[in-house]
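Data block for protein.txt (compact mmCIF, C-alpha atoms and all ligand atoms):
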# COMPACT_ATOMS: atom_id res chain seq x y z
CA MET A 1 -60.97 -27.02 -19.36
CA GLY A 2 -58.37 -26.07 -21.98
CA ALA A 3 -54.85 -24.96 -21.11
CA SER A 4 -54.24 -21.22 -20.59
CA PRO A 5 -52.31 -19.38 -23.32
CA ILE A 6 -49.37 -18.97 -20.93
CA SER A 7 -49.15 -22.68 -20.18
CA ILE A 8 -49.33 -23.46 -23.89
CA ILE A 9 -46.42 -21.08 -24.51
CA GLN A 10 -44.49 -22.66 -21.66
CA GLN A 11 -45.12 -26.17 -22.93
CA HIS A 12 -44.09 -25.09 -26.39
CA ARG A 13 -40.84 -23.62 -25.01
CA ARG A 14 -40.08 -26.79 -23.13
CA VAL A 15 -40.54 -28.94 -26.20
CA LYS A 16 -38.72 -26.73 -28.66
CA PRO A 17 -36.10 -24.41 -27.17
CA TYR A 18 -35.08 -21.78 -29.67
CA VAL A 19 -31.41 -21.79 -30.59
CA SER A 20 -30.34 -19.05 -32.94
CA GLN A 21 -28.02 -19.70 -35.84
CA ASN A 22 -26.38 -16.33 -35.37
CA LYS A 23 -23.51 -16.74 -32.94
CA GLU A 24 -22.83 -13.01 -32.89
CA ILE A 25 -26.04 -11.96 -31.16
CA LEU A 26 -24.25 -11.04 -27.95
CA LYS A 27 -21.46 -9.12 -29.70
CA ASP A 28 -21.68 -5.34 -29.53
CA SER A 29 -20.63 -2.76 -32.10
CA PHE A 30 -17.16 -2.58 -30.51
CA GLY A 31 -16.61 -6.30 -30.94
CA ARG A 32 -17.10 -7.14 -27.25
CA LYS A 33 -18.66 -10.55 -26.74
CA HIS A 34 -20.98 -10.86 -23.77
CA SER A 35 -20.59 -14.17 -22.05
CA TYR A 36 -21.37 -13.16 -18.48
CA LEU A 37 -24.95 -12.57 -17.34
CA ARG A 38 -25.73 -11.08 -13.94
CA ILE A 39 -29.26 -11.76 -12.82
CA SER A 40 -30.85 -9.83 -10.00
CA LEU A 41 -33.37 -12.00 -8.19
CA THR A 42 -34.94 -9.39 -5.97
CA GLU A 43 -34.96 -5.74 -5.00
CA ARG A 44 -35.22 -6.62 -1.33
CA CYS A 45 -32.33 -6.88 1.11
CA ASN A 46 -31.89 -7.74 4.77
CA LEU A 47 -29.24 -5.01 5.19
CA ARG A 48 -29.59 -1.25 4.60
CA CYS A 49 -26.22 -0.01 3.28
CA SER A 50 -26.90 3.57 2.24
CA TYR A 51 -24.40 3.55 -0.65
CA CYS A 52 -26.60 0.88 -2.21
CA MET A 53 -30.15 1.46 -0.97
CA PRO A 54 -31.47 5.04 -0.64
CA LEU A 55 -32.07 5.95 3.01
CA GLU A 56 -35.78 6.44 2.36
CA GLY A 57 -35.92 2.88 0.97
CA VAL A 58 -37.17 1.81 -2.46
CA THR A 59 -40.70 1.16 -3.63
CA LEU A 60 -40.81 -2.56 -4.12
CA LEU A 61 -42.46 -3.93 -7.23
CA PRO A 62 -45.33 -6.37 -6.74
CA LYS A 63 -44.18 -9.99 -6.92
CA SER A 64 -46.11 -10.53 -10.15
CA HIS A 65 -43.84 -7.97 -11.86
CA LEU A 66 -40.73 -9.98 -11.02
CA MET A 67 -39.46 -12.99 -12.93
CA ASN A 68 -40.60 -16.20 -11.32
CA ALA A 69 -38.22 -19.14 -10.99
CA GLU A 70 -39.21 -20.68 -14.32
CA GLU A 71 -38.90 -17.33 -16.12
CA VAL A 72 -35.44 -16.76 -14.66
CA PHE A 73 -34.47 -20.18 -15.94
CA GLN A 74 -36.02 -19.88 -19.40
CA ILE A 75 -34.63 -16.42 -20.05
CA ALA A 76 -31.19 -17.44 -18.75
CA LYS A 77 -31.31 -20.45 -21.07
CA ILE A 78 -31.80 -18.17 -24.06
CA PHE A 79 -28.63 -16.29 -23.11
CA VAL A 80 -26.71 -19.50 -22.53
CA ASN A 81 -27.74 -20.73 -25.97
CA GLU A 82 -26.18 -17.56 -27.35
CA GLY A 83 -22.85 -18.03 -25.62
CA VAL A 84 -23.24 -16.95 -21.99
CA ASP A 85 -21.08 -19.28 -19.93
CA LYS A 86 -21.16 -17.55 -16.56
CA ILE A 87 -24.18 -16.47 -14.52
CA ARG A 88 -24.03 -14.46 -11.32
CA LEU A 89 -27.05 -14.26 -9.04
CA THR A 90 -27.34 -11.01 -7.19
CA GLY A 91 -29.89 -8.50 -6.00
CA GLY A 92 -30.97 -7.00 -3.58
CA GLU A 93 -29.97 -9.95 -1.51
CA PRO A 94 -30.46 -13.06 -3.64
CA LEU A 95 -30.85 -15.29 -0.59
CA VAL A 96 -33.99 -13.51 0.63
CA ARG A 97 -35.89 -15.12 -2.25
CA LYS A 98 -37.82 -18.06 -0.83
CA ASP A 99 -37.49 -19.90 -4.13
CA PHE A 100 -33.72 -19.37 -4.29
CA PRO A 101 -33.11 -23.17 -4.05
CA GLU A 102 -35.50 -23.81 -6.93
CA ILE A 103 -33.89 -21.12 -9.08
CA LEU A 104 -30.39 -22.36 -8.38
CA ARG A 105 -31.27 -25.99 -9.07
CA LYS A 106 -32.86 -25.08 -12.38
CA LEU A 107 -29.93 -22.91 -13.44
CA SER A 108 -27.45 -25.61 -12.51
CA SER A 109 -28.82 -27.72 -15.35
CA LEU A 110 -27.42 -25.17 -17.83
CA PRO A 111 -23.87 -25.38 -19.16
CA ALA A 112 -22.76 -22.20 -17.39
CA LYS A 113 -20.62 -21.49 -14.37
CA LEU A 114 -22.80 -20.30 -11.50
CA THR A 115 -21.78 -17.78 -8.93
CA MET A 116 -23.40 -15.35 -6.54
CA THR A 117 -22.92 -12.08 -4.69
CA THR A 118 -24.36 -12.13 -1.19
CA ASN A 119 -24.09 -10.24 2.05
CA GLY A 120 -23.56 -13.60 3.71
CA VAL A 121 -26.17 -13.15 6.45
CA THR A 122 -28.09 -16.33 5.66
CA VAL A 123 -25.69 -18.19 3.40
CA ASP A 124 -25.25 -20.93 6.03
CA ARG A 125 -28.80 -22.10 5.26
CA HIS A 126 -27.67 -23.03 1.77
CA PHE A 127 -24.23 -24.59 2.05
CA ASP A 128 -25.38 -28.03 0.86
CA LEU A 129 -27.42 -26.54 -1.96
CA LEU A 130 -24.52 -24.42 -3.20
CA LYS A 131 -22.28 -27.50 -3.26
CA GLU A 132 -24.96 -29.62 -4.92
CA CYS A 133 -25.34 -27.01 -7.66
CA GLY A 134 -21.62 -26.83 -8.31
CA MET A 135 -20.98 -23.31 -7.09
CA GLN A 136 -17.31 -22.80 -6.36
CA THR A 137 -16.76 -19.09 -5.91
CA ILE A 138 -18.85 -16.74 -3.80
CA ASN A 139 -18.54 -12.98 -3.54
CA LEU A 140 -19.41 -11.85 -0.08
CA SER A 141 -19.83 -8.17 0.74
CA LEU A 142 -18.23 -6.92 3.93
CA ASP A 143 -17.15 -3.31 4.24
CA THR A 144 -15.60 -3.40 7.68
CA LEU A 145 -13.87 -5.77 10.07
CA GLN A 146 -15.31 -3.85 13.01
CA LYS A 147 -18.55 -5.05 14.58
CA GLU A 148 -19.82 -1.62 15.65
CA ARG A 149 -18.96 -0.05 12.32
CA PHE A 150 -20.79 -2.84 10.51
CA LYS A 151 -23.93 -1.77 12.34
CA GLU A 152 -23.38 1.85 11.34
CA ILE A 153 -22.92 0.98 7.67
CA THR A 154 -25.64 -1.64 7.30
CA PHE A 155 -28.07 -0.52 10.05
CA ARG A 156 -28.20 -4.17 11.12
CA ASP A 157 -26.35 -6.10 13.84
CA GLN A 158 -25.21 -9.03 11.72
CA PHE A 159 -21.43 -8.75 11.80
CA ASP A 160 -20.85 -11.94 13.82
CA LYS A 161 -23.06 -13.98 11.53
CA VAL A 162 -21.37 -12.73 8.35
CA HIS A 163 -17.92 -13.18 9.85
CA GLU A 164 -18.72 -16.73 10.91
CA ASN A 165 -20.25 -17.61 7.54
CA MET A 166 -17.29 -16.24 5.67
CA PHE A 167 -14.96 -18.63 7.50
CA LYS A 168 -17.37 -21.53 7.13
CA LEU A 169 -17.46 -20.99 3.38
CA LEU A 170 -13.69 -21.12 3.31
CA GLU A 171 -13.64 -24.31 5.40
CA LEU A 172 -16.10 -25.88 3.01
CA GLY A 173 -13.73 -25.25 0.13
CA PHE A 174 -15.41 -22.28 -1.55
CA LYS A 175 -13.25 -19.56 -3.00
CA VAL A 176 -14.42 -16.45 -1.14
CA LYS A 177 -14.01 -12.99 -2.59
CA ILE A 178 -14.75 -10.22 -0.10
CA ASN A 179 -16.21 -7.07 -1.67
CA VAL A 180 -15.28 -3.91 0.22
CA VAL A 181 -16.75 -0.60 -0.94
CA LEU A 182 -14.29 1.99 0.31
CA MET A 183 -15.61 5.37 1.37
CA LYS A 184 -13.58 8.23 2.76
CA GLY A 185 -14.23 8.88 6.41
CA VAL A 186 -16.24 5.67 6.69
CA ASN A 187 -13.90 2.71 6.28
CA ASP A 188 -10.84 3.89 4.35
CA ASP A 189 -8.77 3.47 7.51
CA GLU A 190 -9.22 -0.31 7.14
CA ILE A 191 -7.36 -0.82 3.86
CA ILE A 192 -4.32 -2.30 5.57
CA ASP A 193 -6.47 -4.27 8.05
CA PHE A 194 -8.22 -5.96 5.14
CA ILE A 195 -4.94 -6.77 3.43
CA GLU A 196 -3.56 -8.14 6.69
CA PHE A 197 -6.67 -10.31 6.82
CA THR A 198 -5.28 -12.12 3.77
CA LYS A 199 -2.08 -13.01 5.64
CA ASN A 200 -3.33 -16.24 7.15
CA TYR A 201 -6.50 -16.89 5.17
CA PRO A 202 -6.88 -17.39 1.43
CA PHE A 203 -9.58 -14.76 1.00
CA VAL A 204 -9.51 -12.52 -2.04
CA VAL A 205 -10.32 -9.00 -0.88
CA ARG A 206 -11.61 -6.65 -3.57
CA PHE A 207 -11.65 -2.94 -2.88
CA ILE A 208 -14.40 -1.31 -4.91
CA GLU A 209 -14.39 2.38 -5.69
CA PHE A 210 -17.61 3.94 -4.38
CA MET A 211 -19.85 4.51 -7.43
CA PRO A 212 -22.77 6.87 -8.08
CA PHE A 213 -26.31 5.51 -8.26
CA GLU A 214 -29.71 7.02 -7.75
CA GLY A 215 -30.33 8.09 -4.17
CA ASN A 216 -26.92 7.16 -2.75
CA LYS A 217 -25.69 10.73 -2.22
CA TRP A 218 -22.46 9.97 -4.02
CA LYS A 219 -19.71 12.54 -4.00
CA ARG A 220 -16.56 12.11 -6.03
CA ASP A 221 -14.40 13.11 -3.09
CA GLN A 222 -15.81 10.25 -1.00
CA THR A 223 -14.48 7.73 -3.51
CA VAL A 224 -11.14 6.22 -2.55
CA SER A 225 -9.30 5.89 -5.83
CA LEU A 226 -7.06 3.16 -7.16
CA ASN A 227 -4.09 5.53 -6.84
CA GLU A 228 -4.90 6.40 -3.26
CA ILE A 229 -5.14 2.72 -2.35
CA LEU A 230 -1.81 2.06 -4.02
CA GLU A 231 -0.25 4.99 -2.14
CA ARG A 232 -1.40 3.53 1.18
CA LEU A 233 0.03 0.17 0.22
CA ASN A 234 3.32 1.63 -0.83
CA SER A 235 3.70 3.54 2.37
CA PHE A 236 3.00 0.46 4.50
CA TYR A 237 4.65 -2.50 2.74
CA PRO A 238 8.19 -2.75 1.35
CA LYS A 239 8.02 -2.24 -2.40
CA ASN A 240 9.32 -5.72 -3.21
CA ASP A 241 6.64 -7.34 -1.09
CA ILE A 242 3.77 -5.96 -3.18
CA LEU A 243 3.27 -8.37 -6.05
CA ARG A 244 1.12 -7.48 -9.03
CA ILE A 245 -0.50 -10.73 -10.11
CA PRO A 246 -1.97 -11.46 -13.54
CA ASP A 247 -5.61 -10.52 -14.07
CA ALA A 248 -7.94 -13.13 -15.51
CA PRO A 249 -9.47 -12.34 -18.91
CA ASN A 250 -12.33 -9.81 -18.53
CA ASP A 251 -11.34 -9.28 -14.91
CA THR A 252 -12.76 -6.13 -13.34
CA ALA A 253 -10.03 -6.00 -10.70
CA LYS A 254 -6.36 -5.16 -10.82
CA ASN A 255 -4.93 -7.90 -8.66
CA TYR A 256 -2.18 -7.94 -6.05
CA LYS A 257 -0.77 -10.02 -3.27
CA ILE A 258 1.65 -9.42 -0.44
CA LYS A 259 4.63 -11.75 -0.62
CA GLY A 260 4.09 -14.79 1.58
CA TYR A 261 0.43 -14.05 2.32
CA SER A 262 -2.18 -16.78 1.75
CA GLY A 263 -4.76 -14.53 0.14
CA GLU A 264 -4.84 -11.83 -2.50
CA PHE A 265 -6.49 -8.49 -3.05
CA GLY A 266 -7.70 -6.49 -6.00
CA ILE A 267 -8.94 -3.02 -6.81
CA ILE A 268 -12.05 -2.38 -8.88
CA SER A 269 -11.63 1.13 -10.21
CA THR A 270 -14.80 1.88 -12.15
CA VAL A 271 -14.68 5.57 -11.26
CA THR A 272 -11.04 6.47 -11.85
CA ASN A 273 -9.81 3.74 -14.23
CA PRO A 274 -12.73 2.06 -15.95
CA PHE A 275 -12.18 -1.28 -17.63
CA CYS A 276 -14.94 -1.08 -20.25
CA ASP A 277 -12.70 -2.25 -23.13
CA SER A 278 -12.83 -5.81 -21.86
CA CYS A 279 -16.40 -5.77 -20.60
CA ASN A 280 -18.28 -9.02 -21.21
CA ARG A 281 -21.16 -8.38 -18.78
CA ILE A 282 -24.85 -7.82 -19.27
CA ARG A 283 -27.48 -7.55 -16.58
CA LEU A 284 -31.02 -8.63 -16.05
CA THR A 285 -32.98 -6.85 -13.34
CA ALA A 286 -35.39 -8.74 -11.09
CA ASN A 287 -38.29 -7.48 -13.21
CA GLY A 288 -36.73 -8.78 -16.39
CA GLN A 289 -35.22 -5.60 -17.85
CA LEU A 290 -31.99 -6.00 -19.74
CA LYS A 291 -29.28 -3.46 -18.95
CA ASN A 292 -26.33 -3.57 -21.30
CA CYS A 293 -24.14 -1.78 -18.74
CA LEU A 294 -24.24 -1.09 -15.01
CA PHE A 295 -24.57 2.60 -15.89
CA SER A 296 -26.91 2.27 -18.85
CA GLN A 297 -29.59 4.93 -18.70
CA SER A 298 -32.02 2.83 -20.70
CA GLU A 299 -33.37 -0.70 -20.31
CA SER A 300 -34.97 -3.23 -22.59
CA ASP A 301 -37.99 -5.07 -21.33
CA LEU A 302 -37.59 -8.81 -21.89
CA LEU A 303 -40.17 -10.07 -19.43
CA THR A 304 -43.32 -8.61 -21.00
CA PRO A 305 -42.62 -9.92 -24.50
CA PHE A 306 -41.47 -13.21 -23.02
CA ARG A 307 -44.78 -13.53 -21.17
CA ASN A 308 -46.58 -12.69 -24.38
CA GLY A 309 -44.81 -15.57 -26.09
CA GLU A 310 -42.82 -13.26 -28.35
CA GLU A 311 -39.28 -13.94 -29.48
CA ILE A 312 -36.91 -11.95 -27.26
CA LEU A 313 -33.64 -12.58 -29.11
CA PRO A 314 -34.10 -9.62 -31.47
CA ILE A 315 -34.63 -7.38 -28.42
CA ILE A 316 -31.49 -8.76 -26.78
CA GLN A 317 -29.49 -8.27 -29.96
CA LYS A 318 -30.66 -4.68 -30.33
CA ALA A 319 -29.90 -3.88 -26.69
CA VAL A 320 -26.40 -5.34 -26.89
CA GLY A 321 -25.78 -3.54 -30.18
CA LYS A 322 -26.62 -0.21 -28.53
CA LYS A 323 -24.05 -0.60 -25.78
CA PHE A 324 -21.84 2.46 -25.40
CA ALA A 325 -18.05 2.20 -25.44
CA MET A 326 -17.84 3.33 -21.84
CA ARG A 327 -20.03 3.50 -18.69
CA GLY A 328 -23.39 3.81 -20.35
CA GLY A 329 -22.20 6.78 -22.41
CA LEU A 330 -20.86 8.75 -19.43
CA SER A 331 -17.34 8.44 -20.70
CA LYS A 332 -15.85 11.80 -19.75
CA PRO A 333 -14.88 12.18 -16.08
CA ASP A 334 -16.85 15.44 -15.89
CA ASP A 335 -20.01 13.67 -17.05
CA PHE A 336 -19.49 10.61 -14.91
CA ASN A 337 -18.64 12.64 -11.82
CA ASN A 338 -21.76 14.74 -12.15
CA PRO A 339 -24.61 12.90 -10.37
CA GLU A 340 -27.12 14.92 -12.39
CA MET A 341 -25.98 13.15 -15.53
CA HIS A 342 -26.92 9.77 -14.07
CA HIS A 343 -30.40 8.57 -14.92
CA ASN A 344 -30.21 5.14 -13.46
CA ARG A 345 -31.73 2.93 -10.82
CA SER A 346 -30.36 2.67 -7.32
CA MET A 347 -27.82 -0.13 -7.05
CA ILE A 348 -30.17 -2.30 -4.99
CA ARG A 349 -32.63 -2.28 -7.91
CA ILE A 350 -29.99 -3.01 -10.55
CA GLY A 351 -28.09 -5.85 -8.97
CA GLY A 352 -24.39 -5.33 -8.37
N1 LIG B 401 -26.91 -8.17 -1.40
C1 LIG B 401 -25.76 -8.67 -2.06
C2 LIG B 401 -24.51 -8.17 -1.42
O1 LIG B 401 -24.58 -7.40 -0.47
O2 LIG B 401 -23.44 -8.57 -1.85
C3 LIG B 401 -25.73 -8.46 -3.56
C4 LIG B 401 -26.16 -7.15 -4.10
S1 LIG B 401 -25.06 -5.81 -3.86
C5 LIG B 401 -25.89 -4.55 -4.77
C6 LIG B 401 -23.70 -6.26 -4.88
C7 LIG B 401 -22.44 -5.50 -4.68
O3 LIG B 401 -22.60 -4.16 -5.07
C8 LIG B 401 -21.96 -5.48 -3.24
O4 LIG B 401 -20.67 -5.97 -3.16
C9 LIG B 401 -22.00 -4.03 -2.89
O5 LIG B 401 -21.02 -3.69 -1.99
C10 LIG B 401 -21.80 -3.36 -4.24
N2 LIG B 401 -22.29 -1.99 -4.28
C11 LIG B 401 -23.51 -1.54 -3.96
N3 LIG B 401 -23.58 -0.20 -4.09
C12 LIG B 401 -22.37 0.21 -4.51
C13 LIG B 401 -21.80 1.49 -4.80
N4 LIG B 401 -22.51 2.59 -4.71
N5 LIG B 401 -20.53 1.53 -5.21
C14 LIG B 401 -19.79 0.40 -5.31
N6 LIG B 401 -20.27 -0.83 -5.05
C15 LIG B 401 -21.53 -0.92 -4.64

Rewrite the structure from the file as structure tokens, please.
Amino acid sequence: MGASPISIIQQHRRVKPYVSQNKEILKDSFGRKHSYLRISLTERCNLRCSYCMPLEGVTLLPKSHLMNAEEVFQIAKIFVNEGVDKIRLTGGEPLVRKDFPEILRKLSSLPAKLTMTTNGVTVDRHFDLLKECGMQTINLSLDTLQKERFKEITFRDQFDKVHENMFKLLELGFKVKINVVLMKGVNDDEIIDFIEFTKNYPFVVRFIEFMPFEGNKWKRDQTVSLNEILERLNSFYPKNDILRIPDAPNDTAKNYKIKGYSGEFGIISTVTNPFCDSCNRIRLTANGQLKNCLFSQSESDLLTPFRNGEEILPIIQKAVGKKFAMRGGLSKPDDFNNPEMHHNRSMIRIGG
């Protein structure tokens, strides 16, 4: 029996990977070069944080609609050939994918720095793999240091596991960034507790302003702003003890440290002080749709043409070229703060 058209295409790709001659494919009309690809591996998660996943849940796509391990690899390779040098795996929860080890091993053969955002619940199953694949930094999401509150936020009783894994990661030499989505009346009383957590341990805590996505019942007044966080800091620590530390290029966070503390903290202020000027990020959803911005209201299908054996670079170039200057075109605070203006997926289906 002859080979199927798909396997012929795949063989062809393996033999002759396409490398474009145009090094500006990932540059948008504002001159921003996109070197950081975030790939969502799944829409599923083993936690139920309502700011991320709508309370009624999401309709999961059939597995055949999602990129398989080889497709993740081949599509990522196309981006790497065009200048992507950092890939973040996210989701949903990336570690619920059974073929996560296969995906990671394949991606680790590419000349790009690999990293991941995880809720940490099952990360201990993969410590050796993460080391083997050269991962050095892991973003772990943890919105509270209180066991009971963790259950209220995530609807799951996994605090001890996450807490334990977070420390194990540190012991194993990973740099651990802790993502904390701050919400008024939910966990904003823990700002100082989280900073104190950096006293003896070299964690990097990152406070994230609560952002609007489909189905998450976002309200502007539930977002704890950069300025409010700074006010709390200033009223707790002596002024000279709060050190502003340099931000890395393209950093999303404004970074700080308390004098003498082992760790650091940062504030990601997408809502009140967006950092779109230096954005170098593009996103691929689990079903292979390219989003040129977290808030983009349109998507470009890469998976269908890829499966049809078509060239996807022109689609990528067009999508990057259409990127708005700021937050998917919702640049004015009045537009951004109006949930009705947002025509986007829920965060769990984008990949944070
Ligand atoms: N399951 C993984 C995890 O929990 O880290 C990865 C996916 S999650 C969507 C990625 C990040 O997005 C998490 O740090 C999460 O806290 C953040 N996130 C989700 N919804 C958000 C929202 N509405 N506003 C701000 N950050 C949000």

Point out the residue among A:Glu43, A:Glu93, A:Glu196, A:Glu264 with the least atom-to-atom distance to ligand LIG 401 (chain B), counting only C-alpha atoms and all ligand atoms.
->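 Nearest candidate to ligand LIG 401 (chain B) out of A:Glu43, A:Glu93, A:Glu196, A:Glu264: A:Glu93.
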
Ligand LIG 401 (chain B) neighbours within 6 Å using all atoms listed in the file, as a PyMOL selection string = chain A and resi 51-52+90-93+117-119+140-141+179+181+208-213+347-348+351-352

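Among A:Glu310, A:Glu164, A:Glu340, A:Asp143, the residue with the shortest atom-to-atom distance to A:Val123, counting all atoms listed in the file, is A:Glu164.
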
Option closest in space to A:Glu56, from A:Asp335, A:Asn227, A:Glu214, A:Asp189 [counting only C-alpha atoms] |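 Looking only at the distances to A:Glu56, the closest residue turns out to be A:Glu214.
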
At a cut-off of 10 Å, using all atoms listed in the file, what residues contact A:Val58? Leave out same-chain residues fewer than 2 positions from it and give the result as a tab-separated table (two decimals) with C-alpha atoms, in the frame of the given file.
chain	number	residue	atom	x	y	z
A	43	GLU	CA	-34.96	-5.74	-5.00
A	44	ARG	CA	-35.22	-6.62	-1.33
A	53	MET	CA	-30.15	1.46	-0.97
A	54	PRO	CA	-31.47	5.04	-0.64
A	55	LEU	CA	-32.07	5.95	3.01
A	56	GLU	CA	-35.78	6.44	2.36
A	60	LEU	CA	-40.81	-2.56	-4.12
A	61	LEU	CA	-42.46	-3.93	-7.23
A	215	GLY	CA	-30.33	8.09	-4.17
A	346	SER	CA	-30.36	2.67	-7.32
A	348	ILE	CA	-30.17	-2.30	-4.99
A	349	ARG	CA	-32.63	-2.28	-7.91

For A:Arg149, work out the shell of residues within 12 Å, counting only C-alpha atoms and skipping chain neighbours fewer than 4 positions away, then give it as a list of chain:residue names.
->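 The residues that qualify are A:Cys49, A:Leu142, A:Asp143, A:Thr144, A:Leu145, A:Ile153, A:Thr154, A:Phe155, A:Arg156, A:Asp157, A:Gln158, A:Phe159, A:Gly185, A:Val186, A:Asn187, A:Asp189, A:Glu190.
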
Please identify all polymer residues within 9 Å of A:Ile350, counting all atoms listed in the file, omitting same-chain residues fewer than 6 positions from it, and present them as a list of chain:residue names.
-> A:Ser40, A:Glu43, A:Gly91, A:Gly92, A:Arg283, A:Leu284, A:Thr285, A:Ala286, A:Lys291, A:Leu294, A:Asn344

Restricting the calculation to all atoms listed in the file, which member of A:Glu71, A:Phe295, A:Lys322, A:Thr42 is positioned closest to A:Met341?
-> A:Phe295

Counting all atoms listed in the file, what is within 10 Å of A:Asp251, bar same-chain residues fewer than 3 positions away, as a list in words?
-> Pro246, Asp247, Ala248, Lys254, Asn255, Ile268, Phe275, Ser278, Cys279 and Asn280 of chain A

Spatial sel., origin (-36.8, -5.5, -17.5), limit 9 Å, all atoms listed in the file, listed as a PyMOL selection string = chain A and resi 66+284-291+299-304

Give me, please, the distance in Å between atom CA of A:Glu231 and atom CA of A:Asp188, quoted to one decimal.
-> 12.5 Å

Separation of atom CA of A:Lys177 from atom CA of A:Pro94, in Å and rounded to one decimal =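 Value for the atom CA of A:Lys177-atom CA of A:Pro94 distance: 16.5 Å.
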
Shell of 12 Å around A:Arg105, only C-alpha atoms, local chain residues under 3 positions omitted, as a ChimeraX atom specification | /A:69-70,72-73,99-102,108-110,114,126,128-135

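Proximity to A:Pro111 was assessed for A:Asn139, A:Asn81, A:Ser296, A:Thr270 counting all atoms listed in the file; the smallest distance is recorded for A:Asn81.
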
Separation of atom CA of A:Lys239 from atom CA of A:Val176, in Å and rounded to one decimal = 26.6 Å

For stretch 236-287 of chain A versus stretch 327-331 of chain A, which residues have an atom no more than 12 Å away, and what is each residue's nearest atom pair and distance in Å rounded to one decimal, using only C-alpha atoms, chain-then-number order, as CSV?
residue,atom,partner,partner_atom,distance
A:Thr270,CA,A:Arg327,CA,8.5
A:Val271,CA,A:Arg327,CA,9.4
A:Thr272,CA,A:Ser331,CA,11.0
A:Asn273,CA,A:Ser331,CA,11.0
A:Pro274,CA,A:Arg327,CA,7.9
A:Phe275,CA,A:Arg327,CA,9.3
A:Cys276,CA,A:Arg327,CA,7.0
A:Asp277,CA,A:Arg327,CA,10.3
A:Cys279,CA,A:Arg327,CA,10.1
A:Arg281,CA,A:Arg327,CA,11.9
A:Ile282,CA,A:Gly328,CA,11.8

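Nearest to A:Gly173 of all the residues A:Thr252, A:Ser298, A:Lys259, A:Ile138 is A:Ile138, based on all atoms listed in the file.
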